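**Student:** Dropping in run.txt, with compact mmCIF, C-alpha atoms.
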```txt
# COMPACT_ATOMS: atom_id res chain seq x y z
CA MET A 1 99.79 -38.86 48.53
CA GLY A 2 96.34 -37.31 49.12
CA GLN A 3 97.17 -34.48 46.70
CA LEU A 4 98.06 -36.92 43.95
CA ALA A 5 94.67 -38.61 44.30
CA GLN A 6 92.87 -35.26 44.15
CA GLN A 7 94.57 -34.13 40.91
CA PRO A 8 93.12 -36.91 38.68
CA ALA A 9 89.69 -36.42 40.31
CA GLN A 10 89.85 -32.65 39.63
CA ALA A 11 91.02 -33.28 36.05
CA ALA A 12 88.10 -35.68 35.54
CA LYS A 13 85.63 -33.06 36.85
CA THR A 14 87.12 -30.43 34.53
CA ALA A 15 86.96 -32.80 31.55
CA LEU A 16 83.35 -33.69 32.37
CA ALA A 17 82.38 -30.01 32.66
CA LYS A 18 84.08 -29.29 29.32
CA ALA A 19 82.33 -32.26 27.67
CA VAL A 20 78.93 -31.12 28.97
CA GLU A 21 79.61 -27.55 27.80
CA THR A 22 80.62 -28.60 24.27
CA ALA A 23 78.11 -31.45 23.92
CA PRO A 24 75.48 -30.87 21.26
CA GLN A 25 72.09 -29.86 22.59
CA GLN A 26 68.85 -31.19 21.13
CA TYR A 27 66.34 -28.85 19.52
CA LEU A 28 62.86 -29.41 18.12
CA THR A 29 62.68 -27.73 14.71
CA PHE A 30 59.54 -26.47 13.04
CA THR A 31 58.51 -24.28 10.14
CA LEU A 32 56.61 -21.05 10.36
CA GLY A 33 55.96 -18.92 7.28
CA GLY A 34 58.66 -20.74 5.32
CA GLU A 35 61.36 -20.16 7.97
CA MET A 36 62.94 -22.86 10.12
CA PHE A 37 62.86 -22.27 13.89
CA ALA A 38 64.00 -24.34 16.85
CA VAL A 39 63.34 -24.57 20.59
CA ALA A 40 65.39 -26.49 23.12
CA ILE A 41 63.87 -29.96 23.50
CA LEU A 42 63.97 -29.56 27.29
CA ASN A 43 61.26 -26.87 26.99
CA VAL A 44 58.95 -29.10 24.93
CA LYS A 45 56.34 -31.05 26.84
CA GLU A 46 54.45 -32.53 23.89
CA ILE A 47 53.21 -31.97 20.35
CA ILE A 48 49.51 -32.23 19.63
CA GLU A 49 47.33 -32.11 16.56
CA TYR A 50 45.62 -28.77 15.92
CA GLY A 51 42.10 -29.05 17.31
CA THR A 52 39.35 -26.93 18.78
CA ILE A 53 40.52 -23.69 20.32
CA THR A 54 38.19 -21.63 22.50
CA GLU A 55 38.61 -17.97 21.63
CA ILE A 56 38.82 -15.42 24.44
CA PRO A 57 37.45 -11.93 23.76
CA MET A 58 39.63 -8.81 24.08
CA MET A 59 42.96 -10.63 23.83
CA PRO A 60 45.88 -9.58 21.64
CA MET A 61 45.69 -11.00 18.08
CA PHE A 62 48.54 -13.44 18.73
CA ILE A 63 46.63 -15.22 21.51
CA ARG A 64 44.43 -17.60 19.54
CA GLY A 65 42.58 -18.79 22.65
CA VAL A 66 42.81 -21.72 25.03
CA ILE A 67 42.65 -25.50 24.79
CA ASN A 68 41.68 -28.16 27.29
CA LEU A 69 44.70 -30.38 27.77
CA ARG A 70 43.67 -33.24 30.07
CA GLY A 71 41.65 -30.88 32.25
CA ALA A 72 44.18 -28.03 32.26
CA VAL A 73 43.51 -24.72 30.51
CA VAL A 74 46.44 -23.98 28.19
CA PRO A 75 46.73 -20.69 26.28
CA VAL A 76 47.64 -21.03 22.59
CA ILE A 77 49.84 -18.41 20.94
CA ASP A 78 50.06 -17.93 17.19
CA LEU A 79 53.81 -17.43 16.75
CA SER A 80 53.38 -15.87 13.33
CA CYS A 81 51.21 -13.10 14.85
CA ARG A 82 53.56 -12.82 17.84
CA PHE A 83 56.37 -12.07 15.39
CA GLY A 84 54.28 -9.37 13.71
CA SER A 85 53.20 -11.34 10.62
CA LYS A 86 49.77 -12.44 9.46
CA PRO A 87 47.88 -15.14 11.40
CA THR A 88 48.80 -18.76 10.73
CA GLU A 89 46.44 -20.41 8.29
CA VAL A 90 45.40 -23.81 9.59
CA ALA A 91 46.53 -26.58 7.24
CA ARG A 92 46.87 -30.34 7.39
CA ARG A 93 50.27 -30.26 9.17
CA THR A 94 49.48 -27.36 11.54
CA CYS A 95 50.04 -28.42 15.13
CA ILE A 96 50.46 -27.08 18.64
CA VAL A 97 53.72 -27.52 20.50
CA ILE A 98 53.18 -27.49 24.26
CA ILE A 99 56.03 -25.60 25.94
CA GLU A 100 56.64 -25.65 29.68
CA LEU A 101 57.80 -22.29 31.00
CA VAL A 102 59.48 -22.45 34.40
CA ASP A 103 59.76 -19.28 36.45
CA GLY A 104 61.35 -20.02 39.81
CA GLU A 105 59.12 -22.57 41.50
CA THR A 106 56.08 -22.09 39.24
CA SER A 107 55.55 -23.54 35.79
CA GLN A 108 53.05 -22.67 33.08
CA ASP A 109 52.21 -24.65 29.96
CA VAL A 110 51.74 -22.60 26.80
CA GLY A 111 50.86 -23.89 23.35
CA ILE A 112 52.48 -22.44 20.25
CA MET A 113 50.87 -22.82 16.84
CA VAL A 114 53.31 -23.82 14.09
CA ASP A 115 52.92 -24.64 10.41
CA ALA A 116 54.63 -28.03 10.77
CA VAL A 117 57.03 -29.82 13.12
CA SER A 118 60.18 -30.97 11.31
CA GLU A 119 62.59 -33.00 13.43
CA VAL A 120 64.79 -33.10 16.50
CA LEU A 121 68.32 -31.94 15.70
CA GLU A 122 71.51 -31.95 17.71
CA ILE A 123 73.36 -28.65 17.38
CA ALA A 124 76.78 -28.22 18.96
CA LYS A 125 77.37 -25.00 20.88
CA SER A 126 80.26 -24.26 18.49
CA GLU A 127 77.69 -24.23 15.64
CA ILE A 128 75.50 -21.58 17.29
CA GLU A 129 76.12 -17.95 16.43
CA PRO A 130 74.83 -15.01 18.52
CA PRO A 131 71.59 -13.36 17.35
CA PRO A 132 72.02 -10.78 14.59
CA GLY A 133 71.89 -7.13 15.65
CA PHE A 134 69.53 -6.27 12.78
CA GLY A 135 67.89 -7.70 9.69
CA ALA A 136 65.86 -10.42 11.38
CA LYS A 137 62.13 -10.58 10.71
CA ILE A 138 61.47 -10.96 14.45
CA ARG A 139 62.60 -9.05 17.53
CA THR A 140 66.23 -9.82 18.30
CA ASP A 141 65.47 -10.47 21.99
CA PHE A 142 63.29 -13.39 20.83
CA ILE A 143 66.37 -15.08 19.31
CA ALA A 144 68.69 -17.14 21.52
CA GLY A 145 71.04 -17.85 18.62
CA MET A 146 71.43 -18.90 15.01
CA GLY A 147 72.23 -22.59 14.64
CA LYS A 148 74.23 -23.70 11.60
CA VAL A 149 72.79 -26.93 10.20
CA ASN A 150 73.91 -28.35 6.84
CA GLY A 151 74.96 -24.93 5.54
CA ALA A 152 71.68 -23.22 6.51
CA PHE A 153 70.65 -21.25 9.58
CA VAL A 154 67.98 -22.31 12.05
CA ILE A 155 66.62 -19.56 14.32
CA ILE A 156 66.83 -20.80 17.91
CA LEU A 157 64.12 -19.10 19.95
CA ASN A 158 64.43 -17.80 23.50
CA VAL A 159 61.08 -19.20 24.72
CA ASN A 160 61.19 -17.20 27.96
CA LYS A 161 61.20 -13.95 25.93
CA VAL A 162 58.81 -15.05 23.15
CA LEU A 163 56.30 -16.42 25.64
CA SER A 164 56.92 -13.93 28.47
CA ILE A 165 53.82 -14.15 30.66
CA GLU A 166 54.43 -10.61 32.02
CA GLU A 167 54.69 -9.07 28.55
CA ILE A 168 51.62 -10.94 27.27
CA ALA A 169 49.62 -9.79 30.32
CA MET A 170 50.75 -6.21 29.71
CA LEU A 171 49.79 -6.42 26.02
CA SER A 172 46.34 -7.80 26.87
CA LYS A 173 45.77 -4.84 29.23
CA VAL A 174 46.76 -2.44 26.43
CA GLY A 175 44.33 -4.29 24.13
CA GLU A 176 41.55 -3.95 26.72
CA SER A 177 42.11 -0.19 27.12
CA GLU A 178 42.18 0.28 23.32
CA ASN A 179 38.90 -1.63 22.99
CA LEU A 180 37.32 0.45 25.77
CA SER A 181 38.42 3.76 24.22
CA ALA A 182 37.10 2.63 20.81
CA GLU A 183 33.74 1.69 22.38
CA THR A 184 33.42 4.98 24.27
CA GLY A 185 34.56 7.03 21.30
CA GLY A 186 37.76 8.13 23.11
```
Give the structure from this file in structure tokens form.
**Tutor:**
Amino acid sequence: MGQLAQQPAQAAKTALAKAVETAPQQYLTFTLGGEMFAVAILNVKEIIEYGTITEIPMMPMFIRGVINLRGAVVPVIDLSCRFGSKPTEVARRTCIVIIELVDGETSQDVGIMVDAVSEVLEIAKSEIEPPPGFGAKIRTDFIAGMGKVNGAFVIILNVNKVLSIEEIAMLSKVGESENLSAETGG
């Protein structure tokens, strides 16, 4: 009798796990240089209007500077520069998306500069293709997948790779040593 009661409970758990796995996930979409990108909504803390950014000397080009967000210092990254393109030109719809990066028990807020925020979309896992092996305008490790939405592709970003604190720190050290060698004539 006890086994019979366990079978429906196990079947319900399996059905729930399957439903969670196939359920559409929500993504915040935005434009950058005419392309549509997306980040998982769970990574997004808030969206703010583009305002005053304090520049920091000897940083890589893609780090625009920092902002004061309710007393916290938040670095702002120009995604266009991060992807190897020209810096984002500030326009009326330019904004900063605050992303929360969680690494174990620590979390870090990072702002990303985008041309314009579009909308929140639900994309089913079955509608997400793996990143292309070549041909993308950005590094393939930055792409979590390609979401199919209304016959077009949306590039879903892997925020932990794009905004990797370790890689950014390493790049800023390289920038510092290049600046020092240029100053000393090395």
**Student:** Taking into account all atoms listed in the file, which residue in the set A:Ile155, A:Ile98, A:Leu163, A:Ile67 is nearest to A:Leu32?
**Tutor:**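 Nearest candidate to A:Leu32 out of A:Ile155, A:Ile98, A:Leu163, A:Ile67: A:Ile155.
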**Student:** List the neighbours of A:Phe37 out to 8 Å using only C-alpha atoms; skip same-chain residues closer than 2 positions along the sequence, and give me the result as a PDB file with C-alpha atoms, keeping the file's coordinate frame.
**Tutor:**
```pdb
ATOM      1  CA  THR A  29      62.680 -27.730  14.710  1.00  0.00           C
ATOM      2  CA  PHE A  30      59.540 -26.470  13.040  1.00  0.00           C
ATOM      3  CA  THR A  31      58.510 -24.280  10.140  1.00  0.00           C
ATOM      4  CA  LEU A  32      56.610 -21.050  10.360  1.00  0.00           C
ATOM      5  CA  GLU A  35      61.360 -20.160   7.970  1.00  0.00           C
ATOM      6  CA  VAL A  39      63.340 -24.570  20.590  1.00  0.00           C
ATOM      7  CA  VAL A 154      67.980 -22.310  12.050  1.00  0.00           C
ATOM      8  CA  ILE A 155      66.620 -19.560  14.320  1.00  0.00           C
ATOM      9  CA  ILE A 156      66.830 -20.800  17.910  1.00  0.00           C
ATOM     10  CA  LEU A 157      64.120 -19.100  19.950  1.00  0.00           C
TER      11      LEU A 157
END
```
**Student:** Mind pulling up the distance from atom CA of A:Ala38 to atom CA of A:Met59?
**Tutor:**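 Result for atom CA of A:Met59 versus atom CA of A:Ala38: 26.1 Å, one decimal.
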**Student:** Restricting the calculation to all atoms listed in the file: of A:Ile128, A:Ala116, A:Val159, A:Val73, which residue gets closest to A:Met36?
**Tutor:** A:Ala116
**Student:** Between A:Ile138, A:Ser80, A:Pro75, A:Ser85, single out the one closest to A:Val114, counting all atoms listed in the file.
**Tutor:** A:Ser80
**Student:** So how many Å separate atom CA of A:Cys81 and atom CA of A:Phe62, to one decimal?
**Tutor:** 4.7 Å
**Student:** So that I can check the surroundings of A:Arg139, please list as a PyMOL selection string every protein, DNA and RNA residue that reaches within 12 Å of it, counting only C-alpha atoms and ignoring chain neighbours fewer than 4 positions away.
**Tutor:** chain A and resi 82-85+131-135+143-144+155+157-158+161-162
**Student:** Between atom CA of A:Gly147 and atom CA of A:Ile63, measure the distance and give it in Å to one decimal.
**Tutor:**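 Between atom CA of A:Gly147 and atom CA of A:Ile63 the gap is 27.5 Å.
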**Student:** Looking at A:Gln26, A:Ser118, A:Ser164, A:Thr140, which one is nearest to A:Ile47, with distances taken over all atoms listed in the file?
**Tutor:**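 Using all atoms listed in the file, the shortest distance to A:Ile47 belongs to A:Ser118.
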**Student:** Which of these residues is nearest to A:Lys125, using all atoms listed in the file: A:Gly145, A:Gly111, A:Gly65, A:Pro24?
**Tutor:**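 For A:Lys125, the nearest of the candidates is A:Pro24.
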**Student:** Using all atoms listed in the file, which residue out of A:Glu166, A:Asp103, A:Glu127, A:Asp78 lies closest to A:Phe153?
**Tutor:** A:Glu127
**Student:** Just want the 9 Å neighbourhood of A:Thr94, counted on all atoms listed in the file, with same-chain residues fewer than 6 positions away dropped. Output as a list in words.
**Tutor:**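 Here the answer would be Glu49, Tyr50, Thr88, Met113, Val114, Asp115, Ala116 and Val117 of chain A.
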**Student:** Since we have the selection now, will you write its residues out, keeping C-alpha atoms, as a compact mmCIF listing (two decimals), in the coordinates of the input?
**Tutor:**
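Generated output (part_20.txt):
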```
# COMPACT_ATOMS: atom_id res chain seq x y z
CA GLU A 49 47.33 -32.11 16.56
CA TYR A 50 45.62 -28.77 15.92
CA THR A 88 48.80 -18.76 10.73
CA MET A 113 50.87 -22.82 16.84
CA VAL A 114 53.31 -23.82 14.09
CA ASP A 115 52.92 -24.64 10.41
CA ALA A 116 54.63 -28.03 10.77
CA VAL A 117 57.03 -29.82 13.12
```
